[in-house]
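Colleague: The file below is start16.cif, mmCIF, C-alpha atoms and all ligand atoms:
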```cif
data_model
#
loop_
_atom_site.label_atom_id
_atom_site.label_comp_id
_atom_site.auth_asym_id
_atom_site.auth_seq_id
_atom_site.Cartn_x
_atom_site.Cartn_y
_atom_site.Cartn_z
CA MET X 8 -25.02 2.31 23.00
CA SER X 9 -24.06 5.74 21.77
CA ASP X 10 -25.13 7.84 18.81
CA LYS X 11 -22.28 6.41 16.73
CA LYS X 12 -22.99 4.82 13.36
CA TYR X 13 -21.58 1.31 13.24
CA ILE X 14 -19.95 -0.03 10.06
CA ARG X 15 -19.90 -3.82 10.01
CA ILE X 16 -16.64 -5.08 8.55
CA GLY X 17 -16.27 -8.28 6.52
CA LEU X 18 -12.55 -9.00 6.26
CA ILE X 19 -11.36 -11.43 3.57
CA GLY X 20 -7.89 -12.95 4.00
CA THR X 21 -6.43 -13.52 7.45
CA GLY X 22 -2.68 -13.31 6.81
CA LEU X 23 -0.31 -10.43 7.52
CA MET X 24 -2.63 -7.68 6.29
CA GLY X 25 -5.71 -9.32 7.82
CA ARG X 26 -4.03 -9.00 11.20
CA ILE X 27 -2.72 -5.49 10.76
CA HIS X 28 -6.03 -4.08 9.42
CA THR X 29 -7.92 -5.73 12.25
CA ASN X 30 -5.55 -4.11 14.72
CA GLY X 31 -6.43 -0.80 13.06
CA TYR X 32 -10.17 -1.32 13.46
CA LYS X 33 -9.68 -2.28 17.09
CA ARG X 34 -7.69 0.84 17.96
CA LEU X 35 -10.00 3.38 16.31
CA ALA X 36 -12.45 3.89 19.16
CA ASP X 37 -9.61 4.35 21.66
CA PHE X 38 -7.57 6.91 19.77
CA PHE X 39 -10.04 8.61 17.41
CA SER X 40 -12.98 8.46 19.75
CA GLU X 41 -14.84 11.54 18.53
CA TYR X 42 -15.47 10.15 15.05
CA GLY X 43 -19.12 9.53 14.29
CA HIS X 44 -18.57 6.16 12.63
CA ARG X 45 -17.08 3.07 14.23
CA PRO X 46 -16.11 -0.35 12.90
CA VAL X 47 -17.64 -3.57 14.15
CA LEU X 48 -15.68 -6.79 13.57
CA GLN X 49 -18.63 -8.61 12.04
CA ALA X 50 -17.04 -11.45 10.05
CA CYS X 51 -13.70 -12.67 8.80
CA CYS X 52 -13.06 -15.11 5.98
CA SER X 53 -10.36 -17.66 5.42
CA ARG X 54 -10.64 -20.71 3.18
CA ARG X 55 -9.86 -23.26 5.90
CA GLU X 56 -12.47 -23.46 8.64
CA GLU X 57 -9.94 -24.13 11.38
CA LYS X 58 -8.01 -20.99 10.45
CA ALA X 59 -11.10 -18.82 10.01
CA LYS X 60 -12.50 -19.88 13.39
CA ALA X 61 -9.18 -19.41 15.20
CA PHE X 62 -8.73 -15.95 13.64
CA ALA X 63 -12.26 -14.91 14.61
CA GLU X 64 -11.68 -16.03 18.18
CA GLN X 65 -8.25 -14.50 18.55
CA TRP X 66 -9.05 -11.12 17.01
CA GLY X 67 -12.65 -10.77 18.14
CA TYR X 68 -14.76 -11.26 15.01
CA ASP X 69 -18.36 -12.07 15.70
CA SER X 70 -18.52 -14.78 13.01
CA TYR X 71 -16.51 -16.33 10.20
CA GLU X 72 -16.93 -17.67 6.68
CA THR X 73 -14.83 -19.99 4.51
CA ASP X 74 -16.11 -18.68 1.16
CA TRP X 75 -15.64 -14.96 0.41
CA LYS X 76 -18.87 -14.93 -1.62
CA LYS X 77 -20.79 -15.44 1.63
CA ILE X 78 -19.30 -12.22 2.98
CA ILE X 79 -20.60 -10.38 -0.07
CA GLU X 80 -24.05 -11.98 0.18
CA ARG X 81 -24.54 -11.16 3.85
CA ASP X 82 -26.75 -8.16 4.47
CA ASP X 83 -25.18 -7.60 7.89
CA ILE X 84 -21.87 -6.53 6.26
CA ASP X 85 -21.42 -2.87 5.28
CA ALA X 86 -17.76 -2.79 4.24
CA VAL X 87 -15.57 -5.45 2.63
CA ASP X 88 -11.86 -5.40 3.40
CA ILE X 89 -9.81 -7.28 0.78
CA CYS X 90 -6.62 -8.75 2.27
CA THR X 91 -6.14 -11.63 -0.14
CA PRO X 92 -3.34 -12.11 -2.66
CA ASN X 93 -3.65 -9.90 -5.74
CA ASP X 94 -5.42 -12.43 -7.99
CA LYS X 95 -8.60 -12.14 -5.94
CA HIS X 96 -8.76 -8.34 -5.63
CA ALA X 97 -10.74 -7.69 -8.81
CA GLU X 98 -13.25 -10.52 -8.47
CA ILE X 99 -14.03 -9.70 -4.84
CA ALA X 100 -14.10 -5.92 -5.34
CA ILE X 101 -16.42 -6.08 -8.34
CA ALA X 102 -18.81 -8.43 -6.52
CA ALA X 103 -18.70 -6.22 -3.41
CA ALA X 104 -19.41 -3.09 -5.47
CA LYS X 105 -22.38 -4.76 -7.16
CA ALA X 106 -23.69 -5.67 -3.71
CA GLY X 107 -23.41 -2.01 -2.66
CA LYS X 108 -20.68 -2.55 -0.06
CA MET X 109 -17.95 -0.09 0.82
CA ILE X 110 -14.55 -1.47 -0.16
CA LEU X 111 -11.12 -1.21 1.41
CA CYS X 112 -8.71 -3.04 -0.89
CA GLU X 113 -5.07 -3.94 -0.41
CA LYS X 114 -2.46 -2.80 -2.91
CA PRO X 115 -1.58 -3.19 -5.70
CA LEU X 116 -5.14 -2.56 -6.82
CA ALA X 117 -4.89 -5.41 -9.34
CA ARG X 118 -2.53 -7.63 -11.30
CA THR X 119 -2.86 -5.61 -14.51
CA LEU X 120 -4.06 -2.23 -15.67
CA GLU X 121 -6.97 -3.83 -17.48
CA GLU X 122 -8.11 -5.57 -14.30
CA ALA X 123 -7.70 -2.34 -12.33
CA LYS X 124 -9.86 -0.49 -14.86
CA THR X 125 -12.76 -2.90 -14.35
CA MET X 126 -12.52 -2.30 -10.61
CA VAL X 127 -12.62 1.48 -10.98
CA GLU X 128 -15.62 1.17 -13.29
CA ALA X 129 -17.39 -1.12 -10.81
CA VAL X 130 -17.03 1.21 -7.80
CA GLU X 131 -17.89 4.27 -9.85
CA GLU X 132 -20.98 2.65 -11.31
CA ALA X 133 -22.13 1.43 -7.89
CA GLY X 134 -21.20 4.72 -6.21
CA VAL X 135 -19.65 2.91 -3.25
CA LYS X 136 -17.01 4.31 -0.94
CA ASN X 137 -13.56 2.90 -1.70
CA THR X 138 -9.95 3.18 -0.65
CA VAL X 139 -6.65 1.36 -1.25
CA TRP X 140 -4.17 0.61 1.53
CA TYR X 141 -1.12 2.54 0.35
CA ASN X 142 -0.37 2.96 4.02
CA TYR X 143 3.04 4.66 3.83
CA ARG X 144 1.32 7.98 3.18
CA ARG X 145 0.16 7.78 6.78
CA VAL X 146 3.54 7.34 8.43
CA PRO X 147 3.74 10.73 10.20
CA ALA X 148 7.24 11.49 8.86
CA VAL X 149 6.07 10.76 5.29
CA THR X 150 2.97 12.93 5.76
CA LEU X 151 5.27 15.66 7.08
CA ALA X 152 7.48 15.29 3.97
CA LYS X 153 4.39 15.86 1.83
CA GLN X 154 3.46 18.95 3.87
CA ILE X 155 6.98 20.40 3.64
CA VAL X 156 7.11 19.93 -0.14
CA ALA X 157 3.60 21.38 -0.52
CA SER X 158 4.64 24.44 1.53
CA GLY X 159 7.21 25.25 -1.15
CA LYS X 160 10.21 25.10 1.25
CA LEU X 161 12.17 22.94 -1.19
CA GLY X 162 11.53 25.31 -4.09
CA LYS X 163 11.76 23.77 -7.51
CA ILE X 164 12.17 19.99 -7.24
CA PHE X 165 15.01 18.47 -9.25
CA HIS X 166 15.23 14.86 -8.08
CA TYR X 167 13.04 12.17 -6.50
CA ARG X 168 14.85 8.95 -5.62
CA ALA X 169 13.30 5.86 -4.02
CA ASN X 170 14.41 2.34 -3.17
CA PHE X 171 12.63 -0.66 -1.73
CA LEU X 172 15.17 -3.36 -0.94
CA GLN X 173 14.65 -6.88 0.40
CA ASP X 174 16.67 -10.11 0.36
CA TRP X 175 14.24 -12.97 1.06
CA THR X 176 14.17 -14.73 -2.33
CA ILE X 177 17.90 -15.20 -2.96
CA SER X 178 17.87 -18.96 -2.34
CA PRO X 179 17.16 -20.96 -5.55
CA ASP X 180 15.58 -23.64 -3.33
CA LEU X 181 12.67 -21.39 -2.44
CA PRO X 182 9.58 -22.67 -4.26
CA GLN X 183 7.03 -20.44 -5.98
CA GLY X 184 3.26 -20.29 -5.60
CA GLY X 185 0.85 -21.40 -2.93
CA ASP X 186 0.34 -20.02 0.57
CA ALA X 187 3.06 -17.66 1.75
CA LEU X 188 4.92 -17.79 -1.61
CA TRP X 189 2.22 -16.49 -3.93
CA ARG X 190 4.35 -13.36 -4.44
CA LEU X 191 6.75 -15.43 -6.58
CA ASP X 192 3.97 -16.66 -8.85
CA ALA X 193 2.99 -14.16 -11.54
CA ALA X 194 -0.44 -15.77 -11.93
CA ALA X 195 -1.27 -14.81 -8.34
CA ALA X 196 0.76 -11.65 -7.93
CA GLY X 197 0.59 -10.11 -11.43
CA SER X 198 4.21 -9.05 -11.23
CA GLY X 199 7.14 -9.30 -8.86
CA VAL X 200 8.75 -6.34 -7.14
CA THR X 201 7.07 -3.85 -9.48
CA GLY X 202 3.56 -4.45 -8.13
CA ASP X 203 4.64 -5.51 -4.67
CA LEU X 204 7.25 -2.90 -3.75
CA LEU X 205 7.57 -0.22 -6.44
CA ALA X 206 3.81 0.37 -6.37
CA HIS X 207 4.27 1.74 -2.83
CA CYS X 208 7.16 3.95 -3.94
CA ILE X 209 5.17 5.22 -6.93
CA ASP X 210 2.09 6.03 -4.83
CA THR X 211 4.15 7.98 -2.30
CA ALA X 212 6.14 9.70 -5.05
CA MET X 213 3.12 10.92 -7.01
CA TRP X 214 1.34 11.96 -3.81
CA ILE X 215 4.31 14.12 -2.81
CA ASN X 216 5.78 15.17 -6.16
CA GLY X 217 2.95 14.86 -8.71
CA GLY X 218 2.37 12.71 -11.77
CA ILE X 219 4.97 10.54 -13.48
CA LYS X 220 4.94 11.26 -17.20
CA ASP X 221 7.14 8.61 -18.81
CA VAL X 222 9.44 5.79 -17.76
CA SER X 223 12.40 3.77 -18.93
CA ALA X 224 12.89 0.53 -17.03
CA MET X 225 14.81 -2.70 -16.76
CA THR X 226 13.85 -5.82 -14.87
CA GLU X 227 15.70 -9.02 -14.08
CA THR X 228 14.64 -12.49 -13.01
CA PHE X 229 17.75 -13.90 -11.38
CA ILE X 230 16.41 -17.38 -10.64
CA LYS X 231 14.87 -18.66 -13.88
CA GLU X 232 13.08 -21.78 -12.58
CA ARG X 233 11.59 -22.76 -9.24
CA VAL X 234 9.48 -25.66 -8.06
CA HIS X 235 5.83 -24.63 -8.03
CA GLN X 236 4.08 -25.62 -4.80
CA GLY X 237 0.88 -26.34 -6.73
CA SER X 238 2.22 -28.75 -9.36
CA GLY X 239 5.35 -29.91 -7.53
CA GLU X 240 7.19 -29.38 -10.85
CA LYS X 241 9.98 -26.98 -11.75
CA GLN X 242 8.45 -24.10 -13.66
CA LYS X 243 9.70 -20.96 -15.33
CA VAL X 244 9.70 -17.95 -13.00
CA THR X 245 7.83 -15.09 -14.66
CA ILE X 246 7.94 -12.42 -11.99
CA ASP X 247 10.50 -9.61 -11.94
CA ASP X 248 12.97 -10.24 -9.10
CA ALA X 249 14.41 -6.75 -9.45
CA CYS X 250 13.33 -3.60 -11.25
CA GLN X 251 14.96 -0.25 -11.83
CA PHE X 252 13.42 2.63 -13.67
CA HIS X 253 13.94 6.29 -14.26
CA CYS X 254 11.27 8.78 -15.22
CA HIS X 255 10.16 12.36 -15.74
CA PHE X 256 7.63 13.88 -13.39
CA ASP X 257 5.06 16.39 -14.67
CA ASN X 258 6.84 19.11 -12.65
CA GLY X 259 10.07 18.61 -14.62
CA SER X 260 11.96 16.69 -11.93
CA LEU X 261 13.75 13.42 -12.61
CA GLY X 262 12.88 10.20 -10.78
CA LEU X 263 15.03 7.17 -10.04
CA PHE X 264 13.47 4.04 -8.54
CA GLU X 265 14.81 0.62 -7.58
CA ALA X 266 13.23 -2.43 -5.97
CA THR X 267 14.73 -5.85 -5.49
CA ARG X 268 14.46 -8.96 -3.34
CA TYR X 269 18.18 -9.65 -3.89
CA ALA X 270 19.82 -6.93 -1.78
CA ARG X 271 21.53 -9.11 0.82
CA GLY X 272 21.15 -7.63 4.28
CA HIS X 273 18.03 -5.57 3.58
CA LYS X 274 14.66 -6.75 4.88
CA ALA X 275 12.33 -3.91 3.93
CA LEU X 276 14.48 -0.87 3.30
CA TYR X 277 12.09 1.62 1.80
CA THR X 278 13.82 4.97 1.43
CA PHE X 279 13.21 8.13 -0.54
CA GLU X 280 15.08 11.37 -1.02
CA ILE X 281 13.89 14.57 -2.64
CA ASN X 282 16.28 17.30 -3.75
CA GLY X 283 14.96 20.79 -4.36
CA GLU X 284 16.42 24.17 -5.16
CA HIS X 285 16.53 25.31 -1.50
CA ALA X 286 16.29 22.15 0.56
CA SER X 287 16.28 18.34 0.55
CA ILE X 288 14.40 15.67 2.45
CA ARG X 289 15.08 12.03 3.05
CA TRP X 290 13.22 9.22 4.83
CA ASP X 291 13.97 5.62 5.73
CA LEU X 292 11.45 2.97 6.81
CA HIS X 293 13.98 1.40 9.19
CA ASP X 294 13.99 4.65 11.14
CA LEU X 295 10.45 5.64 10.30
CA THR X 296 9.84 8.31 12.94
CA ARG X 297 12.68 10.44 11.61
CA LEU X 298 12.69 12.83 8.67
CA GLU X 299 16.01 14.21 7.57
CA TYR X 300 16.00 17.75 6.28
CA PHE X 301 18.68 19.98 4.79
CA ASP X 302 17.96 23.68 4.37
CA HIS X 303 20.43 25.68 2.30
CA ASP X 304 19.13 28.89 3.90
CA ASP X 305 20.54 27.87 7.29
CA GLU X 306 23.49 29.92 8.45
CA GLY X 307 26.65 28.57 6.80
CA GLN X 308 28.59 27.34 9.83
CA VAL X 309 25.71 25.33 11.28
CA ARG X 310 24.26 24.26 7.95
CA GLY X 311 23.82 20.51 7.66
CA TRP X 312 21.34 17.66 7.62
CA ARG X 313 19.01 17.81 10.60
CA SER X 314 17.18 14.81 11.88
CA ILE X 315 13.61 15.65 12.84
CA HIS X 316 12.12 13.26 15.38
CA VAL X 317 8.54 13.31 14.12
CA THR X 318 6.89 12.72 17.47
CA ASP X 319 5.75 16.16 18.58
CA GLY X 320 2.12 17.08 19.12
CA ASP X 321 2.10 19.33 16.06
CA HIS X 322 3.40 16.62 13.74
CA PRO X 323 0.84 14.77 11.58
CA TYR X 324 -1.27 12.32 13.59
CA MET X 325 0.99 12.60 16.65
CA ASP X 326 -1.47 14.50 18.83
CA ARG X 327 -3.32 11.16 19.04
CA TRP X 328 -0.51 9.27 20.64
CA TRP X 329 1.72 9.42 23.67
CA ILE X 330 3.97 12.33 24.63
CA PRO X 331 6.50 14.22 22.51
CA GLY X 332 9.69 12.19 22.06
CA THR X 333 8.02 8.77 22.25
CA SER X 334 7.73 6.78 19.04
CA ILE X 335 5.01 4.97 17.22
CA GLY X 336 5.52 2.25 14.59
CA TYR X 337 4.61 0.59 11.31
CA GLU X 338 1.19 -0.58 12.46
CA HIS X 339 0.15 2.99 13.18
CA SER X 340 0.17 3.85 9.47
CA PHE X 341 -2.69 1.37 9.11
CA ILE X 342 -4.49 2.71 12.18
CA HIS X 343 -4.25 6.14 10.57
CA GLN X 344 -5.68 4.80 7.33
CA VAL X 345 -8.61 3.28 9.22
CA ALA X 346 -9.04 6.61 11.00
CA ASP X 347 -8.97 8.61 7.76
CA PHE X 348 -11.46 6.22 6.18
CA PHE X 349 -13.86 6.58 9.10
CA LYS X 350 -13.35 10.34 9.19
CA SER X 351 -14.26 10.42 5.49
CA LEU X 352 -17.55 8.73 6.36
CA ASP X 353 -18.26 11.64 8.71
CA THR X 354 -17.29 14.31 6.18
CA GLY X 355 -18.58 12.62 3.02
CA GLU X 356 -15.23 13.21 1.29
CA SER X 357 -13.19 10.57 -0.54
CA CYS X 358 -10.54 8.67 1.37
CA HIS X 359 -7.46 8.86 -0.83
CA PRO X 360 -5.97 6.89 -2.39
CA THR X 361 -9.22 5.75 -3.97
CA PHE X 362 -9.44 3.02 -6.61
CA LYS X 363 -9.11 5.77 -9.20
CA ASP X 364 -5.91 7.06 -7.61
CA ALA X 365 -4.49 3.53 -7.35
CA TYR X 366 -5.39 3.05 -11.02
CA GLU X 367 -3.01 5.91 -11.85
CA THR X 368 -0.25 4.13 -9.91
CA GLN X 369 -1.11 0.96 -11.81
CA LYS X 370 -0.58 2.86 -15.07
CA VAL X 371 3.00 3.57 -14.02
CA CYS X 372 3.58 -0.09 -13.01
CA GLU X 373 2.25 -1.26 -16.36
CA ALA X 374 4.38 1.24 -18.28
CA VAL X 375 7.45 0.15 -16.28
CA LEU X 376 6.91 -3.52 -17.16
CA GLU X 377 6.22 -2.70 -20.81
CA SER X 378 9.29 -0.52 -20.99
CA ALA X 379 11.47 -3.28 -19.57
CA ASN X 380 10.03 -5.86 -21.98
CA GLU X 381 10.34 -3.64 -25.02
CA ARG X 382 13.57 -1.84 -23.97
CA ALA X 383 11.90 1.46 -24.80
CA TRP X 384 10.66 4.64 -23.11
CA LYS X 385 6.93 4.49 -22.37
CA ASP X 386 4.40 7.25 -21.69
CA THR X 387 2.32 6.48 -18.62
CA HIS X 388 -0.77 8.59 -19.49
CA VAL X 389 -1.10 9.33 -15.78
CA ASP X 390 -3.69 11.93 -14.90
CA TRP X 391 -2.59 13.12 -11.48
CA THR X 392 -4.06 16.01 -9.58
CA GLU X 393 -3.82 16.55 -5.82
CA LYS X 394 -4.91 13.27 -4.19
N1 LIG E 401 0.02 -2.20 2.44
C1 LIG E 401 1.11 -2.94 2.62
O1 LIG E 401 2.14 -2.46 3.06
C2 LIG E 401 1.08 -4.40 2.33
C3 LIG E 401 1.98 -5.28 2.96
C4 LIG E 401 1.86 -6.65 2.69
C5 LIG E 401 0.90 -7.10 1.80
N2 LIG E 401 0.07 -6.22 1.18
C6 LIG E 401 -0.97 -6.69 0.24
O2 LIG E 401 -1.98 -7.35 1.00
C7 LIG E 401 -2.50 -8.46 0.31
C8 LIG E 401 -2.31 -9.71 1.18
O3 LIG E 401 -0.96 -9.84 1.51
P1 LIG E 401 -0.47 -10.58 2.85
O4 LIG E 401 0.96 -10.22 3.05
O5 LIG E 401 -1.44 -10.34 3.95
O6 LIG E 401 -0.56 -12.08 2.35
P2 LIG E 401 -0.69 -13.37 3.23
O7 LIG E 401 -0.24 -14.48 2.37
O8 LIG E 401 -0.03 -13.17 4.58
O9 LIG E 401 -2.24 -13.49 3.49
C9 LIG E 401 -3.16 -13.69 2.46
C10 LIG E 401 -4.36 -14.37 3.06
O10 LIG E 401 -5.38 -14.50 2.07
C11 LIG E 401 -5.94 -15.79 2.19
N3 LIG E 401 -6.61 -16.14 0.95
C12 LIG E 401 -6.07 -16.46 -0.24
N4 LIG E 401 -7.04 -16.72 -1.14
C13 LIG E 401 -8.21 -16.56 -0.48
C14 LIG E 401 -9.56 -16.72 -0.85
N5 LIG E 401 -9.90 -17.10 -2.09
N6 LIG E 401 -10.52 -16.50 0.08
C15 LIG E 401 -10.19 -16.13 1.33
N7 LIG E 401 -8.91 -15.97 1.75
C16 LIG E 401 -7.95 -16.19 0.84
C17 LIG E 401 -4.76 -16.68 2.55
O11 LIG E 401 -5.17 -17.89 3.11
C18 LIG E 401 -4.04 -15.78 3.57
O12 LIG E 401 -4.59 -15.91 4.84
C19 LIG E 401 -1.74 -8.51 -1.01
O13 LIG E 401 -2.51 -7.89 -2.00
C20 LIG E 401 -0.47 -7.73 -0.75
O14 LIG E 401 0.06 -7.14 -1.89
C21 LIG E 401 0.14 -4.90 1.44
#
```
I need this file expressed as C-alpha cells, please.
Modeller:
Amino acid sequence: MSDKKYIRIGLIGTGLMGRIHTNGYKRLADFFSEYGHRPVLQACCSRREEKAKAFAEQWGYDSYETDWKKIIERDDIDAVDICTPNDKHAEIAIAAAKAGKMILCEKPLARTLEEAKTMVEAVEEAGVKNTVWYNYRRVPAVTLAKQIVASGKLGKIFHYRANFLQDWTISPDLPQGGDALWRLDAAAAGSGVTGDLLAHCIDTAMWINGGIKDVSAMTETFIKERVHQGSGEKQKVTIDDACQFHCHFDNGSLGLFEATRYARGHKALYTFEINGEHASIRWDLHDLTRLEYFDHDDEGQVRGWRSIHVTDGDHPYMDRWWIPGTSIGYEHSFIHQVADFFKSLDTGESCHPTFKDAYETQKVCEAVLESANERAWKDTHVDWTEK
C-alpha cells in the first residue's frame, strides 16, 4: 500500500452513466498517478440483484446492494455517485449529504428548480464535497475553446449558438416510461430535451461566455400520446420533444439554442459556435478532437477557418495521453472529470460545476420552460461568476 488516501465509491445506477463513470474511476491511477487520492470501487447498486451482482463482477466492485439507502447507511462508503434517472437525484443526494458523504451527481441536477434548491441547501448545510457531471467541459477541444475566449482573442463576443440534435423518438410506437425510456416520462425526467440536452449546452455556454440573463423559448411535443410502460395505457406525453430559445448573455452577446429528438439523421450532434469581434470558434461532438478557429487578423490571402487537431501535449489534458496526433474520445471527458474531482481533494478547492453552479443552469432550464408555456420573455436571475 502507498501513502495515497483511498475514497470508497458507492455508485447508484448501473446503466450508461454507471458504466462510463466506473471506467473513469478505473483509469485514474494509470493516467493521473501522482494524485494523492484514489478511488476504490467499494459498492454498486442496482434494484435487481442479478443485475447488481453481474455489474459488480464485470466492473470490479467489491460488493453490491439492491437498495440505494443501504449505500448511504454504509460507513465504508465515502462518496456517493448518482447515476440514476433524474427523479431519484434529489432524494439520494439529500440523504447522502445528511450522512456526510461526498456526492458526484449526474445532470440535470434535478427535475425542477425547487428540487435543485433543496439539494444545494443540503450539501451546503452538510459541508460535503459535491460536483455535477457536465462532462463536456472536459472535452479537450471544449476546454481549449474556453481558454481561447478567456484569453480575449475573440474580442467582444456577439453570438453564441448551440444545437443538440437527436432522432431516436420519431416513431409514435415508442412507449414512454420505465427502464430505458424514462426520458420520455416527465415524472421521471422532469422535462424532455430541455433538461436532457439543453442543460449541457447551457452549462458549456455559461462556462465559456458567462451568465444568461433572459430567455424567450418555444417547445413542441410532436407525439401527443404514447403507451406508458408502467400502466400499459396510452397516456398524454408531457415532455418537450423539441425546444428552441434565444437569450441575452450578461456580456451583451445574443444566444440561440436548439435541441430536438426529431432531427432525422442526427444521433447526438452537439455543436456550438461563438462569433467575436476578431475571431470565431466552432466545435462539433461528432468530431470532438477538432476545434475550428477563424482569426480575422490572419493575412488576407490565407485567411480562413483552420481546423485545430486538439491532440498536442500543450492542449488541455492531452499531456496525459498518447502522442501528438492521436485521438482520445467521449469517455475521456468523464475520466477528466474524475481526475479533476480527485485533484480537488488534494487541493481542497471546489470541483466545478458544483451543485450551486448546476443550480444556475437549472434556473435557465426553468425559465426556458416557463417562457415556452407562457409565450413570454423570462428573466433567469442567474448569478454567474467564473466557475
Ligand atoms: N453527462 C452526460 O453526458 C449524461 C449522459 C447520459 C445520461 N446522463 C444522466 O445520467 C443519469 C442516468 O442516465 P443513464 O443514461 O445512465 O440512464 P440508464 O437508464 O442507462 O441507467 C439508469 C440506471 O439507474 C437504475 N435505477 C433506476 N432507479 C433506481 C433506483 N431507485 N435505485 C438504483 N438504481 C436505479 C436503472 O436500473 C439503470 O440501471 C440521468 O440523470 C441522465 O440525465 C448524463
Colleague: Which one of X:Ile342, X:Leu298, X:Ile330, X:Leu23 sits closest to ligand LIG 401 (chain E) if you count all atoms listed in the file?
Modeller: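 Closest residue, counting all atoms listed in the file: X:Leu23.
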Colleague: Excluding Gly67 in chain X and its own-chain neighbours fewer than 5 positions away, which residues fall within 10 Å of it when counting only C-alpha atoms? Please give them as a VMD selection string.
Modeller: chain X and resid 29 33 47 to 51 61 to 62
Colleague: Within 7 Å of ligand LIG 401 (chain E) (counting only C-alpha atoms and all ligand atoms), which residues show up? I'd like them as a list in words.
Modeller: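 Based on only C-alpha atoms and all ligand atoms, ligand LIG 401 (chain E) is surrounded within 7 Å by Ile19, Gly20, Thr21, Gly22, Leu23, Met24, Gly25, Cys52, Ser53, Arg54, Thr73, Asp74, Trp75, Cys90, Thr91, Pro92, Asn93, Lys95, Glu113, Lys114, Pro115, Trp140, Tyr141, Asn142, Asp186, Ala187 and Asp203 of chain X.
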Colleague: Just want the 7 Å neighbourhood of Thr318 in chain X, counted on all atoms listed in the file, with same-chain residues fewer than 6 positions away dropped. Output as a ChimeraX atom specification.
Modeller: /X:296,325,331-334
Colleague: From the set X:Cys208, X:Ile89, X:Ala365, X:Val139, which residue has the shortest atom-to-atom contact distance to Lys124 in chain X, counting all atoms listed in the file?
Modeller: X:Ala365
Colleague: For Gly107 in chain X, which residue among X:Asp247, X:Glu227, X:Glu132, X:Glu381 is the nearest when counting only C-alpha atoms?
Modeller: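 The answer is X:Glu132, which sits nearest to Gly107 in chain X.
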Colleague: Set the distance at 12 Å and use only C-alpha atoms: which residues neighbour Asp10 in chain X once local chain neighbours fewer than 4 positions away are removed? I'd like the list as a PyMOL selection string.
Modeller: chain X and resi 41-45
Colleague: Residues of range 264-297 of chain X that have any atom at most 10 Å from an atom of range 250-257 of chain X: could you tabulate them with the shortest-distance atom pair and the distance in Å to one decimal, using all atoms listed in the file, ordered by chain and increasing number, as CSV?
Modeller:
```
residue,atom,partner,partner_atom,distance
X:Phe264,CA,X:Phe252,CA,5.3
X:Glu265,CA,X:Gln251,CA,4.3
X:Ala266,CA,X:Cys250,CA,5.4
X:Thr267,CA,X:Cys250,CA,6.3
X:Arg268,CA,X:Cys250,CA,9.6
```
Colleague: Find the residue from X:His343, X:His322, X:Lys394, X:Arg118 that sits nearest to Ile215 in chain X; use all atoms listed in the file when measuring.
Modeller: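 Closest residue, counting all atoms listed in the file: X:Lys394.
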Colleague: To one decimal place in Å, what is the distance between CA of Ala97 in chain X and CA of Ala117 in chain X?
Modeller: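 If I compute the distance from CA of Ala97 in chain X to CA of Ala117 in chain X, I get 6.3 Å.
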Colleague: May I ask which of the residues X:Ile101, X:Val135, X:Ile164, X:Ala129 is the closest one to Ala286 in chain X, counting only C-alpha atoms?
Modeller: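 Smallest separation from Ala286 in chain X among the options: X:Ile164.
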Colleague: Between X:Ile177, X:Ala100, X:Val244, X:Ala152, which one has atoms that come closest to His273 in chain X, using only C-alpha atoms?
Modeller: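 Checking each candidate against His273 in chain X, we get X:Ile177 as the closest.
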Colleague: Can you work out the spacing between CA of Val127 in chain X and CA of Thr245 in chain X in Å, to one decimal?
Modeller: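 Computing it gives 26.6 Å between the two atoms.
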Colleague: Could I get range 250-280 of chain X from the block written as a PDB file, in the first residue's frame, with C-alpha atoms?
Modeller:
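The new file result_21.pdb reads:
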```
ATOM      1  CA  CYS X 250     -37.053  23.237 -27.678  1.00  0.00           C
ATOM      2  CA  GLN X 251     -35.637  26.397 -29.185  1.00  0.00           C
ATOM      3  CA  PHE X 252     -34.754  29.505 -27.284  1.00  0.00           C
ATOM      4  CA  HIS X 253     -32.906  32.728 -27.718  1.00  0.00           C
ATOM      5  CA  CYS X 254     -31.391  34.804 -24.954  1.00  0.00           C
ATOM      6  CA  HIS X 255     -29.194  37.673 -23.836  1.00  0.00           C
ATOM      7  CA  PHE X 256     -25.940  36.938 -22.060  1.00  0.00           C
ATOM      8  CA  ASP X 257     -24.677  39.251 -19.313  1.00  0.00           C
ATOM      9  CA  ASN X 258     -21.822  40.303 -21.633  1.00  0.00           C
ATOM     10  CA  GLY X 259     -24.281  41.679 -24.209  1.00  0.00           C
ATOM     11  CA  SER X 260     -23.990  38.811 -26.696  1.00  0.00           C
ATOM     12  CA  LEU X 261     -27.009  37.043 -28.158  1.00  0.00           C
ATOM     13  CA  GLY X 262     -27.595  33.315 -27.720  1.00  0.00           C
ATOM     14  CA  LEU X 263     -29.511  30.887 -29.915  1.00  0.00           C
ATOM     15  CA  PHE X 264     -30.124  27.317 -28.737  1.00  0.00           C
ATOM     16  CA  GLU X 265     -31.955  24.337 -30.192  1.00  0.00           C
ATOM     17  CA  ALA X 266     -32.430  20.755 -29.017  1.00  0.00           C
ATOM     18  CA  THR X 267     -34.642  18.096 -30.506  1.00  0.00           C
ATOM     19  CA  ARG X 268     -35.063  14.334 -30.740  1.00  0.00           C
ATOM     20  CA  TYR X 269     -36.721  14.743 -34.161  1.00  0.00           C
ATOM     21  CA  ALA X 270     -33.774  15.713 -36.373  1.00  0.00           C
ATOM     22  CA  ARG X 271     -33.680  12.687 -38.653  1.00  0.00           C
ATOM     23  CA  GLY X 272     -30.128  11.545 -39.250  1.00  0.00           C
ATOM     24  CA  HIS X 273     -28.601  13.062 -36.114  1.00  0.00           C
ATOM     25  CA  LYS X 274     -27.693  10.821 -33.179  1.00  0.00           C
ATOM     26  CA  ALA X 275     -26.025  13.208 -30.756  1.00  0.00           C
ATOM     27  CA  LEU X 276     -24.965  16.242 -32.734  1.00  0.00           C
ATOM     28  CA  TYR X 277     -23.902  18.713 -30.100  1.00  0.00           C
ATOM     29  CA  THR X 278     -22.360  21.753 -31.749  1.00  0.00           C
ATOM     30  CA  PHE X 279     -21.595  25.291 -30.721  1.00  0.00           C
ATOM     31  CA  GLU X 280     -20.227  28.346 -32.475  1.00  0.00           C
TER      32      GLU X 280
END
```
